[in-house]
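A short worksheet on the structure shown next.
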Number of protein chains: 2
Amino acid sequence: MENKRPFSEAIERLKEVGLRPTRQRLALARLLFDGGERHVTAEQLHNEALGAESRVSLATVYNTLNQFTQAGLLREVVVEPGRSYFDTNTGEHHHFYHDGSGELRDIPREAIELHRLPAPPSGQAIRRVEVIIRVEDE
Amino acid sequence: MENKRPFSEAIERLKEVGLRPTRQRLALARLLFDGGERHVTAEQLHNEALGAESRVSLATVYNTLNQFTQAGLLREVVVEPGRSYFDTNTGEHHHFYHDGSGELRDIPREAIELHRLPAPPSGQAIRRVEVIIRVEDE
DNA sequence: AAATTCATTAGAACAATTCTAAACTATTGA
DNA sequence: TCAATAGTTTAGAATTGTTCTAATGAATTT
């Protein structure tokens, strides 16, 4: 079978970016990367980790999320002060954000056509274009 | 002369939205609205207020900025965790953001053409579309 | 296997933001 | 006009989100 066990897959991803597969990192990596795309806050992930097997401090969750982000395994999305999400989808794409519930939802890159982007101030280059569509209940 | 003194203008704007022109609010309103468009953090505005005449606590600066935002006098722009700006330009427009320096720069609405916006999840309506172009030094 | 070096963890510290009780201002009734 | 009352505003204290750093643990060299 080509199908790798999730466990080994998480290890693989960590090794690829040069992060040692420690107990804590591995537990978080499995929660994040096994089973589809996710948007999580540090707090949420921490609770999940506690709910499962692993004794991990919230600080370690933050550290790990930041390392993963820096390594390109995650992308951080800031939607309001004191609420940032980590998105397992690292490709170019956009988001719906619902203020009331805090729900964040992906929009594929092709779903929005951006024309006529303005040139950045001289000496600067565009790193990424982020669109957030803020929605509310009708 | 048609030209109102900045002082009365700030009072006017406060009255229009039903906020009493208290000493603190007035001082902050003048700093914000006299003389062109601005992007400020709460911290920055607090320092400016201290530098001028007014004894205002940082908490009051936050309260006031939130009230102004709710009243439609300001718009909040969140660019990274722990860094949100208040923008005196409340019309629809977009932003360049430079990570290194924290500089935020307006992009007029017409400078970006957005085609084919996806429909929001049913039961929800689009409240605002925000584009942030993240730039870095070349 | 012991010693040394480098990486990782999480408690403690810090910073941004909000909450609430106290202070102030306006309004009402005498 | 002046108290009494009701409503509003303010800012110190508390809370929450995030980062820092000293202690711990793992890997490597001899």
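Each chain in the structure tokens gets a letter, A, B and so on, in the order shown; residues start at 1 in every chain, and ligands are counted from 1 in the order they appear.
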Spatial neighbours of His94 in chain B, max dist 9 Å, only C-alpha atoms (C1' of nucleotides), sep filter under 2 positions, as a ChimeraX atom specification:
/B:92,96,105-109,111-112,129-133
With N, CA and C atoms retained, write the just-selected residues as a PDB file, in the first residue's frame.
```
ATOM      1  N   GLU B  92     -14.380  52.893   1.901  1.00  0.00           N
ATOM      2  CA  GLU B  92     -13.826  51.623   1.435  1.00  0.00           C
ATOM      3  C   GLU B  92     -12.484  51.855   0.761  1.00  0.00           C
ATOM      4  N   PHE B  96      -1.429  48.751   1.990  1.00  0.00           N
ATOM      5  CA  PHE B  96      -0.108  48.131   1.959  1.00  0.00           C
ATOM      6  C   PHE B  96       0.352  48.001   3.396  1.00  0.00           C
ATOM      7  N   ARG B 105      -0.116  51.838   4.737  1.00  0.00           N
ATOM      8  CA  ARG B 105      -0.315  52.874   3.744  1.00  0.00           C
ATOM      9  C   ARG B 105      -1.606  52.625   2.973  1.00  0.00           C
ATOM     10  N   ASP B 106      -2.388  53.654   2.804  1.00  0.00           N
ATOM     11  CA  ASP B 106      -3.684  53.497   2.131  1.00  0.00           C
ATOM     12  C   ASP B 106      -3.560  53.192   0.647  1.00  0.00           C
ATOM     13  N   ILE B 107      -4.497  52.387   0.153  1.00  0.00           N
ATOM     14  CA  ILE B 107      -4.681  52.177  -1.276  1.00  0.00           C
ATOM     15  C   ILE B 107      -6.119  52.577  -1.588  1.00  0.00           C
ATOM     16  N   PRO B 108      -6.344  53.517  -2.507  1.00  0.00           N
ATOM     17  CA  PRO B 108      -7.719  53.914  -2.817  1.00  0.00           C
ATOM     18  C   PRO B 108      -8.513  52.736  -3.370  1.00  0.00           C
ATOM     19  N   ARG B 109      -9.806  52.737  -3.118  1.00  0.00           N
ATOM     20  CA  ARG B 109     -10.671  51.654  -3.545  1.00  0.00           C
ATOM     21  C   ARG B 109     -10.509  51.329  -5.031  1.00  0.00           C
ATOM     22  N   ALA B 111      -8.082  51.599  -6.969  1.00  0.00           N
ATOM     23  CA  ALA B 111      -6.787  51.104  -7.421  1.00  0.00           C
ATOM     24  C   ALA B 111      -6.751  49.581  -7.531  1.00  0.00           C
ATOM     25  N   ILE B 112      -7.716  48.915  -6.927  1.00  0.00           N
ATOM     26  CA  ILE B 112      -7.783  47.467  -7.031  1.00  0.00           C
ATOM     27  C   ILE B 112      -9.141  47.068  -7.595  1.00  0.00           C
ATOM     28  N   VAL B 129     -15.081  44.157   2.275  1.00  0.00           N
ATOM     29  CA  VAL B 129     -13.991  43.405   1.668  1.00  0.00           C
ATOM     30  C   VAL B 129     -12.684  44.139   1.930  1.00  0.00           C
ATOM     31  N   GLU B 130     -11.770  43.461   2.572  1.00  0.00           N
ATOM     32  CA  GLU B 130     -10.500  44.087   2.931  1.00  0.00           C
ATOM     33  C   GLU B 130      -9.352  43.414   2.198  1.00  0.00           C
ATOM     34  N   VAL B 131      -8.554  44.223   1.531  1.00  0.00           N
ATOM     35  CA  VAL B 131      -7.356  43.679   0.904  1.00  0.00           C
ATOM     36  C   VAL B 131      -6.130  44.233   1.610  1.00  0.00           C
ATOM     37  N   ILE B 132      -5.264  43.350   2.049  1.00  0.00           N
ATOM     38  CA  ILE B 132      -3.979  43.792   2.597  1.00  0.00           C
ATOM     39  C   ILE B 132      -2.876  43.239   1.700  1.00  0.00           C
ATOM     40  N   ILE B 133      -2.091  44.146   1.129  1.00  0.00           N
ATOM     41  CA  ILE B 133      -0.944  43.729   0.334  1.00  0.00           C
ATOM     42  C   ILE B 133       0.282  43.815   1.230  1.00  0.00           C
TER      43      ILE B 133
END
```
Spatial neighbours of range 2-17 of chain C, 9 Å, only C-alpha atoms (C1' of nucleotides), chain gap at least 6 places, as a PyMOL selection string
(chain A and resi 20+22+56-60+81-82) or (chain B and resi 59+62+82-83) or (chain D and resi 15-20+23-30)
Could you build a table of the residues in chain B lying no more than 7 Å from chain A, giving for each the nearest pair of atoms and their separation in Å rounded to one decimal place, using only C-alpha atoms, ordered by chain and ascending residue number, as a Markdown table?
```
| residue | atom | partner | partner_atom | distance |
| --- | --- | --- | --- | --- |
| B:Val78 | CA | A:Glu80 | CA | 5.8 |
| B:Val79 | CA | A:Val78 | CA | 6.6 |
| B:Glu80 | CA | A:Val78 | CA | 5.8 |
| B:Pro81 | CA | A:Val78 | CA | 6.3 |
| B:Gly82 | CA | A:Pro81 | CA | 6.3 |
| B:Ser84 | CA | A:Pro81 | CA | 6.5 |
| B:Ala111 | CA | A:Pro118 | CA | 6.0 |
| B:Ile112 | CA | A:Leu117 | CA | 5.3 |
| B:Glu113 | CA | A:His115 | CA | 4.9 |
| B:Leu114 | CA | A:Leu114 | CA | 5.0 |
| B:His115 | CA | A:Glu113 | CA | 4.9 |
| B:Arg116 | CA | A:Ile112 | CA | 5.6 |
| B:Leu117 | CA | A:Ile112 | CA | 5.3 |
| B:Pro118 | CA | A:Ala111 | CA | 6.0 |
| B:Gly123 | CA | A:Glu138 | CA | 5.8 |
| B:Gln124 | CA | A:Asp137 | CA | 4.5 |
| B:Ala125 | CA | A:Val135 | CA | 5.3 |
| B:Ile126 | CA | A:Val135 | CA | 4.4 |
| B:Arg127 | CA | A:Val135 | CA | 5.0 |
| B:Arg128 | CA | A:Arg134 | CA | 5.3 |
| B:Val129 | CA | A:Ile133 | CA | 4.6 |
| B:Glu130 | CA | A:Ile132 | CA | 5.2 |
| B:Val131 | CA | A:Val131 | CA | 4.5 |
| B:Ile132 | CA | A:Glu130 | CA | 5.2 |
| B:Ile133 | CA | A:Val129 | CA | 4.6 |
| B:Arg134 | CA | A:Arg128 | CA | 5.3 |
| B:Val135 | CA | A:Ile126 | CA | 4.4 |
| B:Glu136 | CA | A:Gln124 | CA | 5.4 |
| B:Asp137 | CA | A:Gln124 | CA | 4.5 |
| B:Glu138 | CA | A:Gln124 | CA | 5.2 |
```
Mind listing the helix (DSSP H, G or I) residues of chain A, per DSSP on the backbone, as a PyMOL selection string?
chain A and resi 6-16+23-33+42-51+58-70+109-111
Which distance in Å separates CA of Gly36 in chain A and CA of Thr90 in chain A, to one decimal?
12.6 Å
